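**Student:** Here you go, this is target.txt (compact mmCIF, C-alpha atoms).
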```txt
# COMPACT_ATOMS: atom_id res chain seq x y z
CA MET A 1 96.55 213.76 142.07
CA SER A 2 99.84 211.92 141.64
CA PRO A 3 101.44 212.00 138.19
CA LEU A 4 101.14 208.20 137.86
CA LEU A 5 97.45 208.30 138.71
CA GLY A 6 97.07 211.05 136.13
CA VAL A 7 98.65 208.79 133.50
CA ALA A 8 96.33 205.90 134.40
CA ARG A 9 93.27 208.15 134.24
CA ALA A 10 94.42 209.56 130.90
CA LEU A 11 94.63 205.99 129.57
CA GLU A 12 91.04 205.42 130.71
CA GLU A 13 89.89 208.30 128.53
CA ASN A 14 92.17 207.61 125.54
CA GLU A 15 89.87 206.57 122.71
CA ALA A 16 92.88 205.60 120.59
CA LEU A 17 93.08 202.49 122.78
CA ASP A 18 89.62 201.38 121.61
CA GLY A 19 91.08 199.98 118.37
CA PRO A 20 93.49 197.57 120.09
CA ALA A 21 90.77 196.71 122.62
CA ASP A 22 88.35 195.95 119.79
CA LEU A 23 90.94 193.63 118.23
CA ALA A 24 91.58 191.81 121.51
CA ARG A 25 87.98 191.50 122.70
CA PRO A 26 87.04 188.54 120.43
CA TRP A 27 90.03 186.59 121.78
CA ALA A 28 88.92 187.22 125.35
CA GLN A 29 85.37 186.21 124.44
CA ARG A 30 86.59 182.95 122.85
CA LEU A 31 88.69 182.25 125.91
CA THR A 32 85.62 182.48 128.14
CA ALA A 33 83.09 181.03 125.68
CA GLY A 34 82.20 178.07 127.89
CA PRO A 35 80.63 178.72 131.30
CA LEU A 36 82.92 176.21 133.05
CA ARG A 37 86.05 177.69 131.52
CA ARG A 38 84.87 181.22 132.35
CA ALA A 39 84.15 180.24 135.96
CA ALA A 40 87.52 178.51 136.29
CA LEU A 41 89.51 181.41 134.81
CA GLN A 42 87.62 184.10 136.69
CA GLY A 43 87.96 182.32 140.04
CA VAL A 44 84.27 181.67 140.72
CA TRP A 45 85.34 178.45 142.48
CA LEU A 46 87.63 180.56 144.68
CA GLY A 47 85.01 183.15 145.56
CA HIS A 48 87.49 185.83 144.44
CA ALA A 49 88.95 186.98 141.15
CA LEU A 50 91.75 184.56 140.20
CA HIS A 51 94.02 187.01 138.37
CA PRO A 52 95.20 189.05 141.39
CA VAL A 53 96.08 185.81 143.19
CA MET A 54 97.90 184.41 140.15
CA SER A 55 99.82 187.62 139.48
CA ASP A 56 101.72 187.18 142.75
CA LEU A 57 103.48 184.16 141.26
CA PRO A 58 105.41 185.65 138.31
CA ILE A 59 105.94 188.92 140.16
CA GLY A 60 107.27 187.08 143.20
CA PHE A 61 109.50 184.74 141.21
CA TRP A 62 110.98 187.53 139.11
CA THR A 63 111.45 189.91 142.03
CA SER A 64 113.18 187.14 143.98
CA ALA A 65 115.46 186.41 141.01
CA THR A 66 116.43 190.06 140.83
CA THR A 67 117.13 190.15 144.55
CA LEU A 68 119.42 187.12 144.26
CA ASP A 69 121.15 188.55 141.19
CA VAL A 70 121.82 191.87 142.89
CA LEU A 71 122.72 190.64 146.38
CA GLN A 72 124.34 187.27 145.72
CA GLY A 73 125.55 187.39 142.12
CA GLU A 74 127.20 184.20 140.87
CA LYS A 75 126.71 182.43 144.22
CA SER A 76 122.99 182.19 143.56
CA ALA A 77 123.02 181.95 139.76
CA LYS A 78 121.24 178.58 139.59
CA ALA A 79 118.52 179.66 142.00
CA ALA A 80 118.01 183.00 140.24
CA ASP A 81 117.80 181.29 136.84
CA ALA A 82 115.26 178.80 138.19
CA LEU A 83 113.17 181.68 139.56
CA VAL A 84 113.22 183.44 136.18
CA ALA A 85 112.04 180.19 134.54
CA LEU A 86 109.27 179.74 137.12
CA GLY A 87 108.12 183.31 136.50
CA ILE A 88 107.90 182.59 132.78
CA ALA A 89 105.96 179.37 133.39
CA THR A 90 103.42 181.06 135.66
CA ALA A 91 102.99 184.16 133.47
CA VAL A 92 100.88 182.38 130.85
CA PRO A 93 98.12 181.08 133.18
CA THR A 94 98.22 184.44 134.94
CA ALA A 95 97.64 186.24 131.64
CA LEU A 96 94.78 183.89 130.72
CA SER A 97 93.00 184.64 133.98
CA GLY A 98 93.50 188.36 133.35
CA TRP A 99 92.06 188.17 129.83
CA ALA A 100 89.03 186.35 131.24
CA ASP A 101 88.34 189.29 133.55
CA TRP A 102 89.24 191.93 130.97
CA GLY A 103 86.67 190.69 128.44
CA SER A 104 83.75 191.72 130.63
CA ALA A 105 85.28 194.89 132.07
CA PRO A 106 83.98 198.41 131.32
CA LYS A 107 85.47 200.23 128.33
CA LYS A 108 87.69 202.54 130.42
CA THR A 109 89.14 199.53 132.23
CA GLN A 110 89.70 197.73 128.92
CA ARG A 111 91.66 200.73 127.66
CA VAL A 112 94.01 200.57 130.64
CA GLY A 113 94.05 196.78 130.28
CA VAL A 114 95.47 196.99 126.76
CA VAL A 115 98.48 198.94 128.05
CA HIS A 116 98.72 196.68 131.13
CA ALA A 117 98.86 193.63 128.85
CA ALA A 118 101.43 195.25 126.57
CA ALA A 119 103.68 196.11 129.54
CA ASN A 120 103.39 192.59 130.91
CA ALA A 121 104.00 191.02 127.50
CA THR A 122 107.11 193.17 127.22
CA ALA A 123 108.24 191.98 130.65
CA LEU A 124 107.62 188.34 129.71
CA THR A 125 109.54 188.75 126.44
CA LEU A 126 112.47 190.38 128.22
CA TYR A 127 112.53 187.79 131.00
CA THR A 128 112.50 185.05 128.36
CA ALA A 129 115.43 186.73 126.60
CA SER A 130 117.11 187.01 130.00
CA LEU A 131 116.76 183.28 130.58
CA VAL A 132 118.11 182.50 127.11
CA GLN A 133 121.17 184.67 127.75
CA ARG A 134 121.70 183.11 131.18
CA ARG A 135 121.57 179.61 129.70
CA ARG A 136 124.04 180.61 126.99
CA GLY A 137 126.48 181.63 129.70
CA LYS A 138 125.99 185.35 129.09
CA ARG A 139 125.06 186.10 132.67
CA THR A 140 125.67 189.86 132.67
CA SER A 141 123.41 190.50 129.69
CA GLY A 142 120.85 188.08 131.16
CA VAL A 143 120.80 189.96 134.45
CA LEU A 144 120.60 193.33 132.69
CA LEU A 145 117.67 192.12 130.57
CA GLY A 146 116.01 190.99 133.80
CA LEU A 147 116.47 194.43 135.33
CA VAL A 148 114.88 196.11 132.30
CA ALA A 149 112.10 193.51 132.38
CA GLY A 150 111.48 194.45 136.00
CA GLY A 151 110.77 198.02 134.91
CA ALA A 152 108.15 196.84 132.42
CA LEU A 153 106.71 194.56 135.09
CA GLY A 154 106.42 197.54 137.45
CA VAL A 155 104.45 199.50 134.85
CA GLY A 156 102.17 196.52 134.27
CA GLY A 157 101.71 196.00 137.98
CA PHE A 158 100.83 199.62 138.61
CA LEU A 159 98.23 199.58 135.85
CA GLY A 160 96.85 196.25 137.08
CA GLY A 161 96.44 197.70 140.54
CA HIS A 162 94.73 200.72 139.07
CA MET A 163 92.30 198.53 137.16
CA ALA A 164 91.53 196.46 140.25
CA VAL A 165 91.14 199.32 142.70
CA ALA A 166 90.88 202.81 141.24
CA SER A 167 88.75 202.14 138.19
CA ALA A 168 86.51 199.50 139.78
```
Show me, as structure tokens, the structure contained in the file I just sent.
**Tutor:**
Amino acid sequence: MSPLLGVARALEENEALDGPADLARPWAQRLTAGPLRRAALQGVWLGHALHPVMSDLPIGFWTSATTLDVLQGEKSAKAADALVALGIATAVPTALSGWADWGSAPKKTQRVGVVHAAANATALTLYTASLVQRRRGKRTSGVLLGLVAGGALGVGGFLGGHMAVASA
């Protein structure tokens, strides 16, 4: 077993994550209280879970921004900044669709989901700080914050993939 898979499986069995999951569960239940809202957020209309489709948007925008920052620097500053902003804008609906799925997931998946959500919230916070710095003209610190945010996003993405595939 790979070390990363071992970490994900350890999270599944970590009962200490039940407390945060118990606190979050009522919010997820309120989010999906109406059958139409639940169907919309879970992708019933699509015939496929909506969250994996939605997650490509912020991940793609932010990864593209990083690529421009690293390969093009100042030449692509406006485009990179716009991509960071688009990632931020698409992260919220992506998170809502994820919470809609999480609320009805098995306990072991909810445990991993709590850490997945925390990693993604960290990434969103750091990307938001990155955009603020960029707009203040502090490009270097904005780019560095984006790089750190990308690490948190990678953790969140790995755990999201684990929840979708390995623990299904």
**Student:** Between CA of Thr67 in chain A and CA of Leu144 in chain A, measure the distance and give it in Å to one decimal.
**Tutor:** 12.8 Å
**Student:** Work out how far apart CA of Pro20 in chain A and CA of Val114 in chain A are and give it in Å to one decimal.
**Tutor:**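 CA of Val114 in chain A lies 7.0 Å from CA of Pro20 in chain A.
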**Student:** Compare A:Leu11, A:Met54, A:Met1, A:Leu31 by their minimum atom-to-atom distance to Leu159 in chain A, counting all atoms listed in the file, and give me the closest one.
**Tutor:**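 Ranking A:Leu11, A:Met54, A:Met1, A:Leu31 by distance to Leu159 in chain A, first place goes to A:Leu11.
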**Student:** Could you list, as a list of chain:residue names, every residue within 12 Å of Ala166 in chain A, counting all atoms listed in the file and ignoring same-chain residues fewer than 4 positions away?
**Tutor:**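 Contacts, with the query itself left out: A:Leu5, A:Gly6, A:Ala8, A:Arg9, A:Glu12, A:Lys108, A:Thr109, A:Val112, A:Phe158, A:Leu159, A:Gly160, A:Gly161, A:His162.
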**Student:** Using all atoms listed in the file, collect all residues at a distance of at most 10 Å from (114.3, 181.3, 141.0) as written in the file, then present them as a list of chain:residue names.
**Tutor:**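 The residues near that point, listed by chain and number, are A:Gly60, A:Phe61, A:Trp62, A:Thr63, A:Ser64, A:Ala65, A:Thr66, A:Thr67, A:Leu68, A:Asp69, A:Ser76, A:Ala77, A:Lys78, A:Ala79, A:Ala80, A:Asp81, A:Ala82, A:Leu83, A:Val84, A:Ala85, A:Leu86, A:Gly87.
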**Student:** Range 96-99 of chain A: which residues within 6 Å, counting all atoms listed in the file, same-chain residues fewer than 5 positions away excluded, as a PyMOL selection string?
**Tutor:** chain A and resi 28+41+51
**Student:** Show me, as number ranges by chain, the residues that have an atom within 10 Å of Thr122 in chain A when counting all atoms listed in the file, minus same-chain residues fewer than 2 positions from it.
**Tutor:** A: 116-120, 124-128, 148-153, 156
**Student:** Taking into account all atoms listed in the file, which residue in the set A:Ala95, A:Ala100, A:Leu57, A:Val7 is nearest to Gly34 in chain A?
**Tutor:**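 Closest candidate: A:Ala100.
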**Student:** Hey, can you check how far CA of Leu131 in chain A sits from CA of Pro52 in chain A?
**Tutor:**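 Straight-line distance from CA of Leu131 in chain A to CA of Pro52 in chain A works out to 24.8 Å.
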**Student:** Please list as a list in words every residue within 12 Å of Arg25 in chain A, counting only C-alpha atoms and excluding residues in the same chain fewer than 3 positions away.
**Tutor:**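 Result of the neighbour search: Asp18, Gly19, Pro20, Ala21, Asp22, Ala28, Gln29, Arg30, Leu31, Thr32, Ala33, Trp99, Ala100, Asp101, Trp102, Gly103, Ser104, Ala105, Pro106, Lys107, Gln110, Arg111, Gly113 and Val114 of chain A.
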**Student:** Nearest to Gly137 in chain A: which of A:Ala121, A:Pro58, A:Ala10, A:Glu74 is it, counting all atoms listed in the file?
**Tutor:**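 Checking each candidate against Gly137 in chain A, we get A:Glu74 as the closest.
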**Student:** Once 5 Å is added on each side, what centre and edge lengths in Å to one decimal does the axis-aligned box around all listed atoms of range 109-123 of chain A have, as JSON?
**Tutor:**
```
{"center_x": 98.7, "center_y": 195.9, "center_z": 129.4, "size_x": 29.1, "size_y": 19.7, "size_z": 15.7}
```
